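The structure appears below as structure tokens.
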Protein chains: 2
Amino acid sequence: MNGRTNDSSNVVSRRRLLGTSGAGVLGGALGSMGLANTAAAHTSSLPESWDLEADVVILGSGGAGTTAAIEAARAGASVIIIEKATNPGGNTAHSGGVVYLGAGTARQLEHGVEDSVQNMYAYLEAQMGPTQDLERLRYFVENSVEHYNWLVESGIEFGTEFFTGKIIQPSGETGGLAFSGNEANSPFSEIATPAQRGHMPAGAGAAVYAALKATADTLPIEWHFNTQGEELLVDADGRVAGVVVRTGIADPSTPTEEGTPVSATPAADSMVLNVKANKGVVLATGGFQFNQEMLADHAPWYIGGYPLGGPHQGDDGSGIKMGAQIGGDAFNMSFASPWNFVYAPGELCQSILVDGMGRRFTAESNYGADTGDPIFRRNHGIGWLIMDQGVLDRATEAGALMSAPFATADTIEELAEQIGVPAAVLSAELAFYNEQAANGEDPIFHKHSEYVVPLETAPFYAFDYGINRGIAFITLGGLRANMNSEILDVWGNVIPGLYGAGRVAPGISQEYYVSGSALADCTFWGRVAGRSVAAV
Amino acid sequence: MNGRTNDSSNVVSRRRLLGTSGAGVLGGALGSMGLANTAAAHTSSLPESWDLEADVVILGSGGAGTTAAIEAARAGASVIIIEKATNPGGNTAHSGGVVYLGAGTARQLEHGVEDSVQNMYAYLEAQMGPTQDLERLRYFVENSVEHYNWLVESGIEFGTEFFTGKIIQPSGETGGLAFSGNEANSPFSEIATPAQRGHMPAGAGAAVYAALKATADTLPIEWHFNTQGEELLVDADGRVAGVVVRTGIADPSTPTEEGTPVSATPAADSMVLNVKANKGVVLATGGFQFNQEMLADHAPWYIGGYPLGGPHQGDDGSGIKMGAQIGGDAFNMSFASPWNFVYAPGELCQSILVDGMGRRFTAESNYGADTGDPIFRRNHGIGWLIMDQGVLDRATEAGALMSAPFATADTIEELAEQIGVPAAVLSAELAFYNEQAANGEDPIFHKHSEYVVPLETAPFYAFDYGINRGIAFITLGGLRANMNSEILDVWGNVIPGLYGAGRVAPGISQEYYVSGSALADCTFWGRVAGRSVAAV
């Protein structure tokens, strides 16, 4: 794998995208307006002396920061990692541990999963949203097997269980290989051969991180915990020369009595240190789902969702802000991935999921982001899973339900009254659904036929599948990086000495997410960042 | 009117908003993470000599820039205006000329319109979106009558016609006073007494701007046309000290043969000038609807829409980028206002507007942004206006239709086939609508009862109301300003010497727009900017 390509590839890919997917509707002549591409040389007041110094200074010790550290240290660079929490690992260590890998990994081959670069690319191209960077996607897919091998060599033991059905992810006890997105759902199953790509070790994200940390611990890396980056320092040539950090950050590693951790705050003996970075600074600070003000500014729909992350609430957007403060280009900031899985068990997908008006809005068997995102963006937080006694019986038989029904009624009209949706609408919606389902059809949303059955056996049940359920989400937007994980400014110029990977600088998950794409992003592009900065 | 208030009011208002409108769902403890509030002192390499100098340098000569110039010059400051186009006026001069003013303007009183600060505030609070800045809104509403009087004194003659019905806006020949948003639609009509606030002069935006320009021409203001701002220059104290501009920008003031203007490009004898700003720089460069790359990065849904603006395509996002390059806080960048008016004539609202799945998605009588935005954000650009012969006859009698039907058929199923939506769905949708409409009810979208009639008389017609129609839009997001129109950085600190007004720094239209709110924003906050910078 070689992360060094033309700096402009990112921009070129976006331009190409615009040329083919919409800009041409009105003639296509509304291109870039010839804006000035000035490289402003902003500088900071550099300190007279430095408190710490290394070739590479990395902010954040999750999957992105740790893989960057490993690659940079292996290339001979001295490395300092700055971590706000008391323990390393960030969101990676608290995640489900699924890594999105394919195109013919050893584990896929063992299970006879048909996959290839072309097949994996075709699925992700269709899945990951129209604004994605296809050049970046191509590079990621072409190196996916290499990355799988690297992770295995780093000590991650992906589970040997193999799953063909509709599960959220394998159990933490076994790990394994499973569908982790919409691979088997329409229209994707017609675009690419469905292939399981969600690779997960027993022990989930904690196991992923433990392996990476053990590998890092074989290398001379200097770790600073309870320490947070505050400000990037720029020299007279416009190069990021270091970073101001604050020590003594209290990490509330256990939840409070209310069940929610308190903010990280500096201790009384907190100190400000100037840290010199001879080759560069790598931002690996994650997204901003824990920063309510940034959510309000960029992605207000998701306020009220449940921000995903460890107890230290690492993803506070600080790295994005530090980069933007010196002109870094924050993009796609309005996108997030909120998961509201109807399954498991898969039988629950035989229900219908309706909004506050009593109308369906997606195929219930879709990946959790498809059932979750409209609830935030369109439905004002409301989602109701409606089923009859038949579905409830079949689902109960297949596995434990995760919640109790909110309402039960002998008629759909009474049920509608209880949940506060227009009875006439829900009744008409169900009547239309049943009429089509009797023929095994779902003409609007094309739910997998396995889950299309009429709902006719009273009593009827409504489960609250809205934000009250606690829909977890992460943010997807961040600073723009090029293919070398160098951060670009708003005019598309490289900010010398500044790198980023993981959610702070989106990889392939720029607009959409499937389970495992964040861990894949952070470890893959973290490695690229580590190699790039060490090569300076 | 006095623009000087506490610098932190903007932030306070957002915090208050978060506390009351959603953040509390999961316990409310997920507040700001105590991020560092560092004021980075970035500096530029200042030029050894300056080519031009004034107290106040304004980029952009639309409503925001020109009102800022007027107020600054009246306060005794010397003023330079930099304008990319050959002529002044920006989007203001090319706009419909509606200005959103109320709370008891002289024109409202003449027509017996009941309005007050409380009433206007109540409507806008409900209308302008949950992320809006209520402190800012309050200030705007409380000073609306004063601003009306100022505009009249500046020479704008708002028309005397008075409109009670459903029109897009008064004719350019008369101007007048009309409903310009959803004042008379549910649920707003129950929240506040419907009041006409769309004030428009004969001659539309050209007349608005001609009056402002004539006023400006009584003051010692230096105008530079065909000149574009490129880079803000920051001194050693972190203050914006000036701006680099480029002269000789060719303004293609007439459309090309293809009907679309070409990009503004510098002439062969283009020069770069360093312009010193002793008191400050005011950004008044508009939004970014003409910048396809910025749309792709921040608001990709609207690609394919018709960017609104004059032939010089002024709204290229350059001011937002210049501000962001030195740490300015760009927010709400994903919001735009795309107008897809079903009316006029109002009888067309008796149709149903459906998406590509054949389902309604809003009340057809709503303001154009409500019928336009879902087409971009949800419907992949698709919108079909479905009517029967009865609606077509009544609408034709009431006024000329703006387009011809795309398809005609004797049955709704045949019509569905012709437009490519699922026939079973459109048929069920219409059947349900007709059943409810027979009782004068619209239980899902609560369309005004005046427009709720069954559609039963063949033949049926479908009009293409999707993006092929050319749905015009402007962007709403931009740089965050405080109540003094000072631009804030990503940490909420004032960037000394940098001001902004109009779409580059959203006023009250931060998330939503009603006709006239952009002209109100740019002229109101432009005045605030001019006063603030002159007072330095």
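Identifiers in the structure tokens: chain A, B, ... in order shown; residue index from 1 per chain; ligand index from 1 in order shown.
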
List the spatial neighbours of Arg527 in chain A as a PyMOL selection string - criterion: any atom at most 6 Å away, only C-alpha atoms, same-chain residues fewer than 2 positions off excluded. chain A and resi 67-68+71+524-525+529-530

Skipping near chain neighbours, those fewer than 6 positions away, what residues fall within 12 Å of Ile419 in chain A using only C-alpha atoms, listed as a VMD selection string? chain A and resid 354 to 358 382 to 386 405 to 409 412 to 413 426 461 to 466

I'd like the contact shell of range 136-138 of chain B - 7 Å cut-off, only C-alpha atoms, skipping same-chain residues fewer than 4 positions apart - returned as a ChimeraX atom specification. /B:121,142,483,508

Keeping only N, CA and C atoms, write the selected residues to a file as a PDB file, in the first residue's frame.
ATOM      1  N   TYR B 121     -43.198  38.243  15.897  1.00  0.00           N
ATOM      2  CA  TYR B 121     -42.222  37.343  16.512  1.00  0.00           C
ATOM      3  C   TYR B 121     -42.793  35.931  16.624  1.00  0.00           C
ATOM      4  N   GLU B 142     -38.169  43.734  16.766  1.00  0.00           N
ATOM      5  CA  GLU B 142     -38.375  44.973  17.543  1.00  0.00           C
ATOM      6  C   GLU B 142     -37.976  46.216  16.740  1.00  0.00           C
ATOM      7  N   MET B 483     -24.355  39.943  17.276  1.00  0.00           N
ATOM      8  CA  MET B 483     -25.404  40.951  17.091  1.00  0.00           C
ATOM      9  C   MET B 483     -24.849  42.266  16.545  1.00  0.00           C
ATOM     10  N   ILE B 508     -31.732  36.540  10.120  1.00  0.00           N
ATOM     11  CA  ILE B 508     -32.804  35.721  10.706  1.00  0.00           C
ATOM     12  C   ILE B 508     -33.110  34.508   9.842  1.00  0.00           C
TER      13      ILE B 508
END

Could you go through range 33-91 of chain A and tell me which residues DSSP, when run on the backbone, assigns to strand (DSSP E or B), listing them as a ChimeraX atom specification? /A:43,52-59,79-82

Give me every alpha helix (DSSP H) residue in range 95-199 of chain A, going by DSSP on the backbone, as a PDB file with C-alpha atoms, in the first residue's frame.
ATOM      1  CA  ALA A 106      -8.807 -15.022   3.709  1.00  0.00           C
ATOM      2  CA  ARG A 107     -11.865 -15.285   5.942  1.00  0.00           C
ATOM      3  CA  GLN A 108     -14.220 -14.679   3.024  1.00  0.00           C
ATOM      4  CA  LEU A 109     -12.431 -17.349   0.986  1.00  0.00           C
ATOM      5  CA  GLU A 110     -12.705 -19.877   3.809  1.00  0.00           C
ATOM      6  CA  VAL A 117     -12.448  -5.605  -6.016  1.00  0.00           C
ATOM      7  CA  GLN A 118     -15.041  -4.940  -8.670  1.00  0.00           C
ATOM      8  CA  ASN A 119     -17.882  -6.457  -6.678  1.00  0.00           C
ATOM      9  CA  MET A 120     -17.029  -4.682  -3.450  1.00  0.00           C
ATOM     10  CA  TYR A 121     -16.544  -1.393  -5.293  1.00  0.00           C
ATOM     11  CA  ALA A 122     -19.871  -1.771  -7.091  1.00  0.00           C
ATOM     12  CA  TYR A 123     -21.741  -2.274  -3.835  1.00  0.00           C
ATOM     13  CA  LEU A 124     -20.068   0.582  -1.994  1.00  0.00           C
ATOM     14  CA  GLU A 125     -20.360   2.941  -4.957  1.00  0.00           C
ATOM     15  CA  ALA A 126     -24.109   2.386  -4.954  1.00  0.00           C
ATOM     16  CA  GLN A 127     -24.414   2.419  -1.177  1.00  0.00           C
ATOM     17  CA  LEU A 134     -14.851   7.561  -5.780  1.00  0.00           C
ATOM     18  CA  GLU A 135     -11.089   7.800  -6.204  1.00  0.00           C
ATOM     19  CA  ARG A 136     -10.744   7.353  -2.494  1.00  0.00           C
ATOM     20  CA  LEU A 137     -13.215   4.478  -2.519  1.00  0.00           C
ATOM     21  CA  ARG A 138     -11.326   2.745  -5.316  1.00  0.00           C
ATOM     22  CA  TYR A 139      -8.039   2.996  -3.443  1.00  0.00           C
ATOM     23  CA  PHE A 140      -9.639   1.689  -0.268  1.00  0.00           C
ATOM     24  CA  VAL A 141     -11.208  -1.309  -1.993  1.00  0.00           C
ATOM     25  CA  GLU A 142      -8.081  -2.188  -3.966  1.00  0.00           C
ATOM     26  CA  SER A 144      -8.748  -4.049   1.378  1.00  0.00           C
ATOM     27  CA  VAL A 145      -7.136  -7.494   1.354  1.00  0.00           C
ATOM     28  CA  GLU A 146      -3.776  -5.972   2.185  1.00  0.00           C
ATOM     29  CA  HIS A 147      -5.384  -4.112   5.055  1.00  0.00           C
ATOM     30  CA  TYR A 148      -7.090  -7.284   6.296  1.00  0.00           C
ATOM     31  CA  ASN A 149      -3.740  -9.025   6.337  1.00  0.00           C
ATOM     32  CA  TRP A 150      -2.121  -6.136   8.171  1.00  0.00           C
ATOM     33  CA  LEU A 151      -4.808  -6.199  10.858  1.00  0.00           C
ATOM     34  CA  VAL A 152      -4.403  -9.963  11.266  1.00  0.00           C
ATOM     35  CA  GLU A 153      -0.634  -9.558  11.492  1.00  0.00           C
ATOM     36  CA  PHE A 188     -28.023  -3.510  -3.987  1.00  0.00           C
ATOM     37  CA  SER A 189     -28.447  -7.244  -4.353  1.00  0.00           C
ATOM     38  CA  GLU A 190     -29.079  -6.653  -8.067  1.00  0.00           C
ATOM     39  CA  ILE A 191     -26.083  -4.321  -8.433  1.00  0.00           C
TER      40      ILE A 191
END

Pick out the residues sitting within 8 Å of range 336-352 of chain B, and hand them over as a VMD selection string; count only C-alpha atoms, and ignore anything fewer than 2 positions along from it in its own chain. chain B and resid 165 to 168 299 302 305 334 354 360 364 to 365 367 to 373 385 to 388 391 to 392 394 to 395 398 to 401 451 to 453 455 465 471 to 477 511 to 513

N, CA and C atoms of the current selection, written as a tab-separated table (two decimals), in the first residue's frame:
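Okay, this is what ended up in out02.tsv:
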chain	number	residue	atom	x	y	z
B	165	GLY	N	-55.06	37.27	-1.24
B	165	GLY	CA	-55.10	35.88	-1.73
B	165	GLY	C	-53.74	35.24	-1.82
B	166	LYS	N	-53.72	34.10	-2.51
B	166	LYS	CA	-52.53	33.26	-2.62
B	166	LYS	C	-51.76	33.64	-3.86
B	167	ILE	N	-50.80	34.52	-3.73
B	167	ILE	CA	-49.98	34.91	-4.88
B	167	ILE	C	-48.53	34.66	-4.53
B	168	ILE	N	-47.70	34.52	-5.55
B	168	ILE	CA	-46.27	34.37	-5.29
B	168	ILE	C	-45.72	35.70	-4.81
B	299	ALA	N	-24.26	21.05	0.76
B	299	ALA	CA	-25.70	20.98	0.53
B	299	ALA	C	-25.97	20.26	-0.78
B	302	TYR	N	-29.14	20.10	-3.39
B	302	TYR	CA	-29.66	21.16	-4.26
B	302	TYR	C	-28.96	21.23	-5.61
B	305	GLY	N	-30.67	22.18	-8.96
B	305	GLY	CA	-31.61	23.28	-8.84
B	305	GLY	C	-31.12	24.47	-9.66
B	334	SER	N	-25.81	23.40	5.28
B	334	SER	CA	-26.60	22.44	4.50
B	334	SER	C	-28.00	22.96	4.16
B	354	VAL	N	-47.25	14.85	-5.68
B	354	VAL	CA	-46.75	13.55	-5.22
B	354	VAL	C	-45.29	13.36	-5.62
B	360	ARG	N	-48.20	11.84	-1.58
B	360	ARG	CA	-48.12	13.26	-1.19
B	360	ARG	C	-47.05	13.43	-0.12
B	364	GLU	N	-50.24	21.26	-0.45
B	364	GLU	CA	-49.96	21.91	-1.73
B	364	GLU	C	-50.08	23.42	-1.66
B	365	SER	N	-50.80	23.93	-0.68
B	365	SER	CA	-50.99	25.39	-0.57
B	365	SER	C	-49.89	26.05	0.23
B	367	TYR	N	-46.14	27.51	1.37
B	367	TYR	CA	-45.11	28.34	0.75
B	367	TYR	C	-44.18	27.49	-0.12
B	368	GLY	N	-43.64	28.09	-1.16
B	368	GLY	CA	-42.86	27.36	-2.15
B	368	GLY	C	-41.69	26.56	-1.60
B	369	ALA	N	-41.08	27.01	-0.50
B	369	ALA	CA	-39.96	26.26	0.06
B	369	ALA	C	-40.42	24.92	0.62
B	370	ASP	N	-41.66	24.88	1.11
B	370	ASP	CA	-42.17	23.62	1.67
B	370	ASP	C	-42.47	22.60	0.59
B	371	THR	N	-42.87	23.10	-0.57
B	371	THR	CA	-43.11	22.17	-1.68
B	371	THR	C	-41.83	21.89	-2.45
B	372	GLY	N	-40.83	22.76	-2.31
B	372	GLY	CA	-39.58	22.56	-3.03
B	372	GLY	C	-38.55	21.74	-2.28
B	373	ASP	N	-38.40	22.01	-1.01
B	373	ASP	CA	-37.30	21.38	-0.27
B	373	ASP	C	-37.38	19.85	-0.25
B	385	LEU	N	-47.45	17.16	-10.12
B	385	LEU	CA	-48.69	17.79	-9.72
B	385	LEU	C	-49.82	17.10	-10.48
B	386	ILE	N	-50.70	16.46	-9.72
B	386	ILE	CA	-51.78	15.65	-10.30
B	386	ILE	C	-53.11	16.36	-10.12
B	387	MET	N	-53.85	16.51	-11.22
B	387	MET	CA	-55.16	17.17	-11.10
B	387	MET	C	-56.15	16.50	-12.04
B	388	ASP	N	-57.43	16.82	-11.83
B	388	ASP	CA	-58.45	16.32	-12.75
B	388	ASP	C	-58.91	17.47	-13.65
B	391	VAL	N	-60.06	20.74	-11.79
B	391	VAL	CA	-59.04	21.68	-11.32
B	391	VAL	C	-58.44	22.43	-12.51
B	392	LEU	N	-58.19	21.69	-13.59
B	392	LEU	CA	-57.59	22.34	-14.75
B	392	LEU	C	-58.49	23.45	-15.27
B	394	ARG	N	-60.85	25.15	-13.60
B	394	ARG	CA	-60.95	26.27	-12.65
B	394	ARG	C	-59.67	27.10	-12.64
B	395	ALA	N	-58.52	26.41	-12.72
B	395	ALA	CA	-57.25	27.13	-12.71
B	395	ALA	C	-57.08	27.94	-13.99
B	398	ALA	N	-58.97	31.01	-13.87
B	398	ALA	CA	-58.45	32.01	-12.93
B	398	ALA	C	-57.19	32.70	-13.44
B	399	GLY	N	-56.47	32.05	-14.35
B	399	GLY	CA	-55.25	32.68	-14.84
B	399	GLY	C	-54.46	31.74	-15.71
B	400	ALA	N	-53.47	32.29	-16.40
B	400	ALA	CA	-52.69	31.47	-17.32
B	400	ALA	C	-51.83	30.47	-16.56
B	401	LEU	N	-51.78	29.23	-16.99
B	401	LEU	CA	-50.90	28.24	-16.39
B	401	LEU	C	-49.48	28.46	-16.87
B	451	TYR	N	-58.90	24.50	-0.50
B	451	TYR	CA	-58.30	23.77	-1.63
B	451	TYR	C	-58.51	22.27	-1.57
B	452	VAL	N	-59.31	21.83	-0.61
B	452	VAL	CA	-59.51	20.38	-0.44
B	452	VAL	C	-60.81	19.97	-1.13
B	453	VAL	N	-60.66	19.48	-2.36
B	453	VAL	CA	-61.82	18.98	-3.10
B	453	VAL	C	-61.44	17.67	-3.77
B	455	LEU	N	-60.77	14.82	-6.48
B	455	LEU	CA	-60.31	14.87	-7.88
B	455	LEU	C	-60.88	13.65	-8.58
B	465	TYR	N	-43.43	18.90	-11.78
B	465	TYR	CA	-43.07	19.92	-10.79
B	465	TYR	C	-41.75	19.56	-10.10
B	471	ILE	N	-36.16	24.59	-10.45
B	471	ILE	CA	-36.55	25.13	-9.15
B	471	ILE	C	-35.44	26.05	-8.64
B	472	ALA	N	-35.77	27.32	-8.49
B	472	ALA	CA	-34.77	28.31	-8.07
B	472	ALA	C	-34.49	28.18	-6.58
B	473	PHE	N	-33.24	28.44	-6.19
B	473	PHE	CA	-32.90	28.36	-4.77
B	473	PHE	C	-31.78	29.32	-4.44
B	474	ILE	N	-31.70	29.68	-3.17
B	474	ILE	CA	-30.52	30.35	-2.63
B	474	ILE	C	-30.05	29.55	-1.42
B	475	THR	N	-28.77	29.69	-1.08
B	475	THR	CA	-28.26	29.02	0.11
B	475	THR	C	-28.51	29.90	1.33
B	476	LEU	N	-28.61	29.26	2.49
B	476	LEU	CA	-28.91	29.99	3.73
B	476	LEU	C	-27.74	30.02	4.71
B	477	GLY	N	-26.85	29.05	4.66
B	477	GLY	CA	-25.76	28.99	5.63
B	477	GLY	C	-24.64	29.95	5.30
B	511	GLU	N	-32.15	29.06	8.67
B	511	GLU	CA	-32.55	27.69	8.38
B	511	GLU	C	-33.72	27.66	7.40
B	512	TYR	N	-34.51	28.70	7.42
B	512	TYR	CA	-35.72	28.76	6.59
B	512	TYR	C	-35.81	30.18	6.03
B	513	TYR	N	-36.64	30.31	5.04
B	513	TYR	CA	-36.76	31.58	4.34
B	513	TYR	C	-38.21	31.80	4.00

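As for CA of Arg531 in chain B and CA of Ala75 in chain B, they are spaced 7.1 Å apart.
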